[in-house]
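Working notes, beginning with the structure itself.
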Amino acid sequence: MRLTPLDISVVSAYAVGIFLLAQWVSRSRSGEAKNSNDYFLASKSLPWWAIGASLIAANISAEQIVGMSGSGYAIGLAIASYEWMSALTLLLVGKYFLPIFLRNRIYTMPQFLERRYGPSIRTLMAVFWLGLYIFVNLTSIIWLGSIAVSQVTGVDQASALVGLGLFALLYQLWGGLKAVALTDIVQVSLLVLGGLLVSGLTLDEIGAGHGMAAGFHTLAERVPEKFHMILSRDNPYYKDLPGLSVLLGGLWVMNLSYWGFNQYIIQRALAARNLNEAQKGIVFAAYLKLLMPFVIVLPGIAAAVLAPHLDRPDQAYPAMMRLLPPGILGLVFAALIAAIVSSTASKINSIATIFTLDIYNQRGGVHSEARLVRVGRVAATVAIILAMLTAKPLLGSFDQAFQYIQEYTGFFTPGICVIFLLGLFWKRATERGALAAALGSFLLSMALKLLWPGLPFMDRVGLVFVLALVLAIVVSLLTPPQSDHNYIETHEISYKTSAIFNAASLGVCAILIALYAIWW
């Protein structure tokens, strides 16, 4: 697969346009210098459409597109539970978590932990997240993104990796979060349009030119085993998606941790104009999540008919891109670049935010706003350089890097979820209890992986969450209360939501019920 001059023109127009747009939307008023609130929280001025679009743009990257399409090829529609259950999780985050975060003027997740438990856990978790974001998440985005770019263009992978990293850095370096969030509506529009074009053209190919509807009907007839949301125990992929546990178990833990307590994601909602705007953005993102399987999973299922003998499932999306005519291929490739760049830029900005506000700014002395912004830019630059240098040594030997990443983060996810849920909703939780949950999550996950290797990953996450929760409660009850360290106000917070949010939430729930009823 090679890009034609027309395709290259489309991709070039996208790159130049999005870079110039990012600089324009994040410009300062004449004579005003950016402060830390401008740079890290977009001046607390994001509208709902920017929040919703930016949440999805930060979430969807190359490993998501290529990886979930590959899972669609191998497993089928069942992998869509990751997307569809995320929509329900977002509603809970908007209704129950954001009122507390915004009322207490939380800017970072480590800051919440300090105000709730004490300074030790803030520093510990800030260092942990920096390591995770740089050496696991950021490396995976640019490494897998560079593979996709190399396969389509023929460019050397090392050059593609450096190019993606530097473009994402320069794209957000001056404007910070505002540059990322206010351009993400373009990124998401391109991502959705590109994915729907791939789905539409592949379905039309399967339908022998009789349209998408005929193609979908033929696809369901040709590979009916790919259209089951709940896998039975005799399914060869049951260990990846263990039946009803997907709906009732560990996936909830992973989703709550990712969408509710992940700086990389929640930072967009924390930068909202107000709570109502944040909640509207959240529900907009929920509807986009309902659409995502038709954008990134359906092409993989179609590949099971159009290219049934691929060497690896992750080749499904690139194989379907080969069906695209010149010009359209350039547009879809630009959408893939958009997903990589927006996720990379978002991760870089979150790393800069945590380092500057949770580590550097906690040192002795008073730091000027201009200095904090400079430190943030330096931190962003160092982070992407480290990621580019370590991506190949860390991930180059893995055939399925995305699965290894999920496995690694799953060791810590249950503990993080316990710490925040107890911090939000149980006043008796103590710092020692929180630390016990964090350490216990890792040790229990390792023990279960070694002693019970046949336990599905998702079930292990759910079991470790329950054990870590019990451990945190017991340790908290055995240690003195920390009322003098708890500065999070919750008693006067109202969880009442607007009529728009309530109606939209009911719509999400109704669609989910219909989807699972159709493809149970």
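In the structure tokens, the first chain shown is A, the next is B, and so on; residue numbers restart at 1 for each chain, and ligands run from 1 in the order shown.
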
Distance query range 113-119 of chain A at most 9 Å, only C-alpha atoms, self and fewer than 5 positions along chain excluded, as a ChimeraX atom specification
/A:124-125,419-420,423-424,429-432,434,482,485-488

Keeping only C-alpha atoms, write those residues as a compact mmCIF listing (two decimals), in the first residue's frame.
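Listed below is the output, selection-v8.txt:
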# COMPACT_ATOMS: atom_id res chain seq x y z
CA LEU A 124 4.03 8.51 45.49
CA MET A 125 1.17 8.40 43.00
CA ILE A 419 -8.24 4.56 46.77
CA PHE A 420 -10.40 7.03 44.89
CA GLY A 423 -11.67 8.82 49.19
CA LEU A 424 -14.80 10.15 47.51
CA ALA A 429 -10.69 5.88 54.89
CA THR A 430 -7.12 6.69 55.98
CA GLU A 431 -3.82 7.21 54.19
CA ARG A 432 -2.48 3.91 55.52
CA ALA A 434 -5.03 3.77 50.80
CA GLN A 482 -7.64 11.43 59.65
CA HIS A 485 -6.02 15.73 56.86
CA ASN A 486 -9.31 15.48 54.95
CA TYR A 487 -9.94 18.75 53.13
CA ILE A 488 -12.39 17.39 50.56

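Contact shell of Val341 in chain A at 10 Å (only C-alpha atoms; same-chain neighbours under 6 positions omitted): Ala15, Ala57, Ala58, Ser61, Ala62, Ile141, Ile142, Gly145, Leu164, Gly165, Leu166, Phe167, Ala168, Leu169, Tyr171, Gln172, Val180, Gln187, Ala335 and Lys347 of chain A.
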
Long-range neighbours of range 66-81 of chain A as a PyMOL selection string, 6 Å cut-off, only C-alpha atoms, 6 positions minimum in chain
chain A and resi 226-229+293+296-297+300-301+304+313-314+316-317

In terms of the shortest atom-to-atom distance over only C-alpha atoms, which of A:Leu336, A:Val305, A:Gly175, A:Asn274 is closest to Ser36 in chain A?
A:Gly175

Where does range 116-177 of chain A meet range 376-379 of chain A within 9 Å, residue by residue, with the nearest atom pair and distance in Å to one decimal for each, counting only C-alpha atoms, listed by chain and rising number, as JSON lines?
{"residue": "A:Leu173", "atom": "CA", "partner": "A:Arg377", "partner_atom": "CA", "distance": 6.1}
{"residue": "A:Trp174", "atom": "CA", "partner": "A:Arg377", "partner_atom": "CA", "distance": 7.8}
{"residue": "A:Gly176", "atom": "CA", "partner": "A:Arg377", "partner_atom": "CA", "distance": 8.5}

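For the choices A:Leu298, A:Leu448, A:Ala13, A:Ile265, the atom-to-atom distance to Val461 in chain A is smallest for A:Leu448 when using only C-alpha atoms.
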
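As for CA of Ala126 in chain A and CA of Gln111 in chain A, they are spaced 8.9 Å apart.
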
One decimal, in Å: what's the spacing between CA of Pro224 in chain A and CA of Asn59 in chain A?
29.3 Å

Contacts of Arg233 in chain A at 8 Å or less, counting only C-alpha atoms, minus same-chain residues fewer than 3 places along, as a PDB file with N, CA and C atoms, in the first residue's frame?
ATOM      1  N   TYR A 238     -12.749 -16.972  25.250  1.00  0.00           N
ATOM      2  CA  TYR A 238     -13.451 -16.732  26.520  1.00  0.00           C
ATOM      3  C   TYR A 238     -12.530 -16.135  27.578  1.00  0.00           C
ATOM      4  N   PRO A 242     -14.561 -12.974  29.390  1.00  0.00           N
ATOM      5  CA  PRO A 242     -15.215 -14.099  30.075  1.00  0.00           C
ATOM      6  C   PRO A 242     -16.710 -13.909  30.343  1.00  0.00           C
ATOM      7  N   GLY A 243     -17.513 -14.047  29.297  1.00  0.00           N
ATOM      8  CA  GLY A 243     -18.965 -14.082  29.446  1.00  0.00           C
ATOM      9  C   GLY A 243     -19.560 -12.894  30.163  1.00  0.00           C
TER      10      GLY A 243
END

Which residues are close to Lys280 in chain A, i.e. within 12 Å by only C-alpha atoms, leaving aside same-chain residues fewer than 5 positions away? Reply as a ChimeraX atom specification.
/A:46-53,90-91,93-95,98,269,272-275,285-287,497-505

Selection export as a PDB file, in the first residue's frame, atoms kept: N, CA and C atoms:
ATOM      1  N   LEU A  46     -13.337  25.528  28.885  1.00  0.00           N
ATOM      2  CA  LEU A  46     -13.723  24.626  27.796  1.00  0.00           C
ATOM      3  C   LEU A  46     -15.243  24.463  27.703  1.00  0.00           C
ATOM      4  N   PRO A  47     -15.809  24.560  26.503  1.00  0.00           N
ATOM      5  CA  PRO A  47     -17.238  24.299  26.311  1.00  0.00           C
ATOM      6  C   PRO A  47     -17.502  22.799  26.212  1.00  0.00           C
ATOM      7  N   TRP A  48     -18.761  22.414  26.263  1.00  0.00           N
ATOM      8  CA  TRP A  48     -19.120  20.993  26.316  1.00  0.00           C
ATOM      9  C   TRP A  48     -18.648  20.222  25.089  1.00  0.00           C
ATOM     10  N   TRP A  49     -18.756  20.843  23.901  1.00  0.00           N
ATOM     11  CA  TRP A  49     -18.393  20.116  22.680  1.00  0.00           C
ATOM     12  C   TRP A  49     -16.892  19.837  22.629  1.00  0.00           C
ATOM     13  N   ALA A  50     -16.086  20.767  23.161  1.00  0.00           N
ATOM     14  CA  ALA A  50     -14.636  20.539  23.196  1.00  0.00           C
ATOM     15  C   ALA A  50     -14.290  19.444  24.203  1.00  0.00           C
ATOM     16  N   ILE A  51     -14.987  19.418  25.341  1.00  0.00           N
ATOM     17  CA  ILE A  51     -14.733  18.399  26.362  1.00  0.00           C
ATOM     18  C   ILE A  51     -15.057  17.013  25.822  1.00  0.00           C
ATOM     19  N   GLY A  52     -16.243  16.864  25.242  1.00  0.00           N
ATOM     20  CA  GLY A  52     -16.651  15.555  24.731  1.00  0.00           C
ATOM     21  C   GLY A  52     -15.752  15.055  23.620  1.00  0.00           C
ATOM     22  N   ALA A  53     -15.441  15.945  22.670  1.00  0.00           N
ATOM     23  CA  ALA A  53     -14.583  15.544  21.555  1.00  0.00           C
ATOM     24  C   ALA A  53     -13.178  15.217  22.031  1.00  0.00           C
ATOM     25  N   LEU A  90     -19.086   6.656  31.761  1.00  0.00           N
ATOM     26  CA  LEU A  90     -18.984   8.110  31.647  1.00  0.00           C
ATOM     27  C   LEU A  90     -20.156   8.810  32.330  1.00  0.00           C
ATOM     28  N   LEU A  91     -21.342   8.226  32.233  1.00  0.00           N
ATOM     29  CA  LEU A  91     -22.504   8.830  32.890  1.00  0.00           C
ATOM     30  C   LEU A  91     -22.321   8.853  34.405  1.00  0.00           C
ATOM     31  N   VAL A  93     -19.447   8.889  35.998  1.00  0.00           N
ATOM     32  CA  VAL A  93     -18.405   9.880  36.282  1.00  0.00           C
ATOM     33  C   VAL A  93     -18.990  11.286  36.291  1.00  0.00           C
ATOM     34  N   GLY A  94     -19.830  11.572  35.293  1.00  0.00           N
ATOM     35  CA  GLY A  94     -20.427  12.900  35.215  1.00  0.00           C
ATOM     36  C   GLY A  94     -21.371  13.210  36.354  1.00  0.00           C
ATOM     37  N   LYS A  95     -22.123  12.215  36.796  1.00  0.00           N
ATOM     38  CA  LYS A  95     -23.132  12.466  37.840  1.00  0.00           C
ATOM     39  C   LYS A  95     -22.549  12.459  39.253  1.00  0.00           C
ATOM     40  N   LEU A  98     -17.612  14.158  39.089  1.00  0.00           N
ATOM     41  CA  LEU A  98     -17.300  15.542  38.727  1.00  0.00           C
ATOM     42  C   LEU A  98     -17.822  16.576  39.713  1.00  0.00           C
ATOM     43  N   ALA A 269     -12.432  17.458  31.622  1.00  0.00           N
ATOM     44  CA  ALA A 269     -13.628  17.842  32.373  1.00  0.00           C
ATOM     45  C   ALA A 269     -13.283  18.831  33.492  1.00  0.00           C
ATOM     46  N   ALA A 272     -13.497  22.532  32.516  1.00  0.00           N
ATOM     47  CA  ALA A 272     -14.781  23.023  32.016  1.00  0.00           C
ATOM     48  C   ALA A 272     -15.120  24.388  32.602  1.00  0.00           C
ATOM     49  N   ARG A 273     -15.983  25.113  31.891  1.00  0.00           N
ATOM     50  CA  ARG A 273     -16.452  26.411  32.385  1.00  0.00           C
ATOM     51  C   ARG A 273     -17.191  26.261  33.707  1.00  0.00           C
ATOM     52  N   ASN A 274     -17.972  25.207  33.823  1.00  0.00           N
ATOM     53  CA  ASN A 274     -18.751  24.950  35.032  1.00  0.00           C
ATOM     54  C   ASN A 274     -19.180  23.484  35.009  1.00  0.00           C
ATOM     55  N   LEU A 275     -19.835  23.049  36.076  1.00  0.00           N
ATOM     56  CA  LEU A 275     -20.248  21.654  36.197  1.00  0.00           C
ATOM     57  C   LEU A 275     -21.236  21.263  35.110  1.00  0.00           C
ATOM     58  N   ALA A 285     -19.590  12.676  24.954  1.00  0.00           N
ATOM     59  CA  ALA A 285     -18.570  11.631  24.784  1.00  0.00           C
ATOM     60  C   ALA A 285     -19.192  10.243  24.864  1.00  0.00           C
ATOM     61  N   ALA A 286     -20.204  10.063  25.730  1.00  0.00           N
ATOM     62  CA  ALA A 286     -20.873   8.763  25.855  1.00  0.00           C
ATOM     63  C   ALA A 286     -21.520   8.350  24.533  1.00  0.00           C
ATOM     64  N   TYR A 287     -22.166   9.294  23.852  1.00  0.00           N
ATOM     65  CA  TYR A 287     -22.783   8.966  22.563  1.00  0.00           C
ATOM     66  C   TYR A 287     -21.724   8.645  21.514  1.00  0.00           C
ATOM     67  N   THR A 497     -28.859  16.411  38.603  1.00  0.00           N
ATOM     68  CA  THR A 497     -28.376  16.781  37.278  1.00  0.00           C
ATOM     69  C   THR A 497     -29.494  17.413  36.452  1.00  0.00           C
ATOM     70  N   SER A 498     -29.097  18.101  35.384  1.00  0.00           N
ATOM     71  CA  SER A 498     -30.053  18.837  34.565  1.00  0.00           C
ATOM     72  C   SER A 498     -30.967  17.903  33.786  1.00  0.00           C
ATOM     73  N   ALA A 499     -32.069  18.462  33.312  1.00  0.00           N
ATOM     74  CA  ALA A 499     -33.019  17.672  32.517  1.00  0.00           C
ATOM     75  C   ALA A 499     -32.363  17.166  31.237  1.00  0.00           C
ATOM     76  N   ILE A 500     -31.472  17.977  30.648  1.00  0.00           N
ATOM     77  CA  ILE A 500     -30.777  17.561  29.425  1.00  0.00           C
ATOM     78  C   ILE A 500     -29.890  16.345  29.700  1.00  0.00           C
ATOM     79  N   PHE A 501     -29.125  16.414  30.802  1.00  0.00           N
ATOM     80  CA  PHE A 501     -28.253  15.292  31.156  1.00  0.00           C
ATOM     81  C   PHE A 501     -29.076  14.040  31.434  1.00  0.00           C
ATOM     82  N   ASN A 502     -30.165  14.188  32.171  1.00  0.00           N
ATOM     83  CA  ASN A 502     -30.994  13.028  32.515  1.00  0.00           C
ATOM     84  C   ASN A 502     -31.615  12.386  31.276  1.00  0.00           C
ATOM     85  N   ALA A 503     -32.157  13.218  30.388  1.00  0.00           N
ATOM     86  CA  ALA A 503     -32.787  12.679  29.169  1.00  0.00           C
ATOM     87  C   ALA A 503     -31.748  12.007  28.279  1.00  0.00           C
ATOM     88  N   ALA A 504     -30.593  12.651  28.138  1.00  0.00           N
ATOM     89  CA  ALA A 504     -29.536  12.074  27.309  1.00  0.00           C
ATOM     90  C   ALA A 504     -29.018  10.766  27.905  1.00  0.00           C
ATOM     91  N   SER A 505     -28.940  10.704  29.225  1.00  0.00           N
ATOM     92  CA  SER A 505     -28.481   9.484  29.893  1.00  0.00           C
ATOM     93  C   SER A 505     -29.464   8.333  29.675  1.00  0.00           C
TER      94      SER A 505
END

Which is closest to Phe40 in chain A among A:Leu306, A:Ala380, A:Ala278, A:Ser9, if we use only C-alpha atoms?
A:Ala380

Long-range neighbours of Pro99 in chain A as number ranges by chain, 7 Å cut-off, only C-alpha atoms, 4 positions minimum in chain
A: 103, 275, 493, 495

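Ranking A:Leu241, A:Asn349, A:Pro236, A:Ala303 by their shortest atom-to-atom distance to Arg222 in chain A, with only C-alpha atoms included, puts A:Ala303 first.
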
Which neighbours of Tyr107 in chain A fall inside 10 Å, counting only C-alpha atoms, when residues of the same chain fewer than 5 positions from it are skipped, and could you give them as a list in words?
Asn37, Phe40, Leu41, Lys44, Phe101, Leu102, Phe112, Gln263, Ile266, Gln267, Ala269, Leu270, Ala271, Thr353, Ile354, Leu357 and Asp358 of chain A

Using the chain letters and numbers from this document, which residues of range 234-327 of chain A does DSSP assign to alpha helix (DSSP H), as number ranges by chain?
A: 245-248, 250-261, 263-270, 275-296, 298-306, 316-321
